[in-house]
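Note sheet for the following structure.
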Amino acid sequence: MTIRQLSLTDFRNLASTTLDFHPRLNLVYGENGSGKTSLLEAIHVTCQARSFRSHQLRPCVRHDQPGFLLFARFGQFKAGIGNVGKKLQIRIDGENVARRSELVRLAPINLVNADTFRLIDGSPQQRRRFLDWCLFHVEHEYTEHWIKYQHALRQRNRLLKSRRDLQLLDYWDQHLSQPAEIIAGMRRKYCDRIVELLQGELAHLVDDLCIELSYQGSWDPGQGLAARLEALRQKDIKLGYTSAGLHRDDIHLTTNGRNCAEMLSRGQSKRLCVALVVAVLDIVGRCGSEPIILLIDDLGSELDQSAQNRVYKILAEMNLQLFISNISDTVPGVFETKEFKLFHVEHGIIRPRFSS
Ligand SMILES: Nc1ncnc2c1ncn2[C@@H]1O[C@H](COP(=O)(O)OP(=O)(O)OP(=O)(O)O)[C@@H](O)[C@H]1O
Ligand SMILES: [Mg+2]
């Protein structure tokens with residue numbers, strides 16, 4: 001789903017404005033500290049009601065103001081996000097919505113920024129999130145199972161922490177295991193799909209290295225999570241939390257049996273990180289006809305020119321609405337012949353410039 005227009009008020013350092021975007025390609029340029037990342041962040045918050053820079057939305061509010069407001073027109077709906085005081089308000093077509101996931105489902109959005117390049121050597125949580133983005137948009141039952149899992153996990157941890165009513169652990173072990181087995185199965189399936197792409201269409205992005213992804217579950221699928229939880233029960237009671245489950249799993253990346261984080265050069269590892277994002281975009285993109293919004297923040301500070309060109313060449317062929325930030329107004333070669341909109345950001349003021 002493309003975002004056609006965005007009105008922003010009191011968001012970070014940005015001057016209040018209304019912007020009309022190009023359905024395919026938007027280039028944002030300006031000096032360091034001008035507000036480029038803030039504009040991409042505003043788009044992200046509009047689609048997800050969540051920032052990629054801070055856990056809370058409070059830091060997004062312009063200094064000395066009570067809150068920010070974002071209002072956007074998408075292809076088929078309108079959305080408004082307000083953060084005034086401590087309250088987050090999400091409206092879709094004028095109606096308040098209680099669940100963030102209702103908004104998130106409507107306009108899939110992904111991001112390439114400095115954090116993306118930690119995907120291989122960063123935390124297991126980052127890798128799980130990367131994979132779950134794909135599941136969320138492709139597998140319709142994912143959210144329902146995820147909510148059940150989170151609920152059971154909270155209840156189980158509460159018992160373990162308080163060490164009371166421990167006879168209820170059997171009950172919660174079952175309720176934790178059922179959705180966990182289903183989601184772990186989905187995660188394994190999508191790891192395999194990503195491998196197919198990395199070894200096929202996207203192999204040239206990673207120097208034709210044979211990349212493998214293996215899902216590292218915290219329990220043996222043959223035995224099941226319920227059995228594992230039972231075996232770990234005394235340990236979990238001592239720890240006061242659940243030490244196996246979806247929230248403890250990881251994805252291992254290897255090439256010829258060796259750990260990618262230790263094997264690949266810095267440049268190769270960065271290109272693999274981008275290739276992983278391209279792979280999930282491809283998988284989600286194939287499931288729908290609407291473009292996915294992709295924010296690319298300052299790729300030039302991470303990849304050399306030739307690697308950037310390779311990445312842009314692939315992205316230009318995909319069904320995406322791109323927002324690309326850069327220090328200079330140089331248009332990446334592959335986009336020179338395409339239509340786009342250019343936005344200049346200076347001290348928080350965003351001005352549309354010449355468009356092709
Ligand atoms: N809540 C806020 N209110 C006002 N200004 C803010 C707020 N949060 C951040 N800023 C300021 O906004 C400015 C723009 O930051 P931003 O990260 O968007 O710049 P940028 O153009 O992406 O810079 P760079 O090229 O260095 O990445 C910074 O000077 C920052 O200090
Ligand atoms: Mg920036």
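Every chain in the structure tokens has a letter given in the order shown (A, B, ...), and although residue numbers restart at 1 in each chain, ligands are simply numbered from 1 in the order shown.
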How would you write, as a VMD selection string, the set of residues no farther than 8 Å from ligand 1 when counting only C-alpha atoms and all ligand atoms? chain A and resid 10 to 14 29 to 39 58 to 64 297 to 298 325 to 327 345 347 to 348
Dump of C-alpha atoms for the selected residues, as a short mmCIF file (atom, residue, chain, number, x, y, z; two decimals), in the first residue's frame:
```cif
data_model
loop_
_atom_site.label_atom_id
_atom_site.label_comp_id
_atom_site.auth_asym_id
_atom_site.auth_seq_id
_atom_site.Cartn_x
_atom_site.Cartn_y
_atom_site.Cartn_z
CA ASP A 10 5.44 18.69 16.00
CA PHE A 11 7.36 15.57 15.02
CA ARG A 12 11.06 15.76 16.04
CA ASN A 13 12.73 18.84 14.51
CA LEU A 14 10.46 18.90 11.44
CA TYR A 29 18.50 14.77 0.84
CA GLY A 30 20.01 17.28 3.21
CA GLU A 31 22.98 17.91 5.47
CA ASN A 32 23.74 16.03 8.67
CA GLY A 33 21.24 16.91 11.34
CA SER A 34 18.75 18.46 8.90
CA GLY A 35 15.91 15.97 9.61
CA LYS A 36 16.11 13.21 6.94
CA THR A 37 15.94 10.32 9.39
CA SER A 38 13.14 12.13 11.22
CA LEU A 39 11.07 12.21 8.03
CA ARG A 58 7.71 10.30 23.54
CA PRO A 59 11.17 11.29 22.14
CA CYS A 60 9.51 11.86 18.74
CA VAL A 61 7.52 14.78 20.12
CA ARG A 62 9.08 18.09 19.17
CA HIS A 63 10.88 19.60 22.18
CA ASP A 64 8.63 21.73 24.40
CA ASP A 297 18.37 5.58 5.50
CA ASP A 298 21.84 6.60 4.43
CA SER A 325 17.75 9.39 2.26
CA ASN A 326 21.14 10.70 1.30
CA ILE A 327 23.48 13.57 2.10
CA VAL A 345 15.50 18.96 4.10
CA HIS A 347 16.98 22.73 9.44
CA GLY A 348 13.78 20.69 9.67
#
```
What lies within 6 Å of Ile296 (chain A) using only C-alpha atoms, ignoring chain neighbours under 5 positions off, as a tab-separated table (two decimals) with N, CA and C atoms, in the first residue's frame?
```
chain	number	residue	atom	x	y	z
A	111	LEU	N	12.58	-1.51	6.55
A	111	LEU	CA	13.58	-0.46	6.72
A	111	LEU	C	14.98	-1.03	6.54
A	112	VAL	N	15.82	-0.24	5.87
A	112	VAL	CA	17.26	-0.55	5.84
A	112	VAL	C	17.96	0.65	6.45
A	324	ILE	N	14.34	7.08	0.02
A	324	ILE	CA	15.78	6.91	0.16
A	324	ILE	C	16.40	8.21	0.65
```
Point out the residue among A:Ala180, A:Val97, A:Leu209, A:Leu294 with the least atom-to-atom distance to Leu225 (chain A), counting only C-alpha atoms.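 Smallest separation from Leu225 (chain A) among the options: A:Ala180.
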Could you work out how far CA of Leu166 (chain A) lies from CA of His145 (chain A), giving the answer in Å with one decimal?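 That distance, rounded to one decimal, is 24.2 Å.
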Excluding same-chain residues fewer than 5 positions from Ile292 (chain A), what lies within 9 Å of it counting only C-alpha atoms, as a VMD selection string? chain A and resid 1 to 2 107 to 110 281 284 to 285 319 to 322
Write a file of the selected residues as a short mmCIF file (atom, residue, chain, number, x, y, z; two decimals), in the first residue's frame, keeping C-alpha atoms.
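Listed below is the output, part-v2.cif:
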```
data_model
loop_
_atom_site.label_atom_id
_atom_site.label_comp_id
_atom_site.auth_asym_id
_atom_site.auth_seq_id
_atom_site.Cartn_x
_atom_site.Cartn_y
_atom_site.Cartn_z
CA MET A 1 0.00 0.00 0.00
CA THR A 2 1.52 3.34 -0.95
CA ALA A 107 0.54 -0.98 5.01
CA PRO A 108 3.57 -3.31 5.19
CA ILE A 109 6.74 -1.29 5.71
CA ASN A 110 10.37 -2.31 6.14
CA LEU A 281 10.41 -8.19 0.83
CA VAL A 284 5.81 -10.74 1.29
CA GLY A 285 5.56 -8.93 -2.06
CA ASN A 319 6.94 -3.70 -6.29
CA LEU A 320 7.99 -1.11 -3.69
CA GLN A 321 7.41 2.49 -2.70
CA LEU A 322 10.91 3.65 -1.88
#
```
Assign secondary structure with DSSP using the backbone only, and return the residues of region 54-242 of chain A in helix (DSSP H, G or I) as a ChimeraX atom specification. /A:58-60,100-106,114-118,124-138,142-162,166-199,203-206,225-231,233-239
Restricting the calculation to only C-alpha atoms: of A:Gly82, A:Gly200, A:Pro352, A:Gly333, which residue gets closest to Ser306 (chain A)?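 Ranked by minimum distance to Ser306 (chain A), first place goes to A:Gly333.
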Please determine, counting only C-alpha atoms, which residue among A:Cys210, A:Leu202, A:Leu264, A:Leu229 has the shortest atom-to-atom distance to Arg310 (chain A).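 Among the listed residues, A:Leu202 lies closest to Arg310 (chain A).
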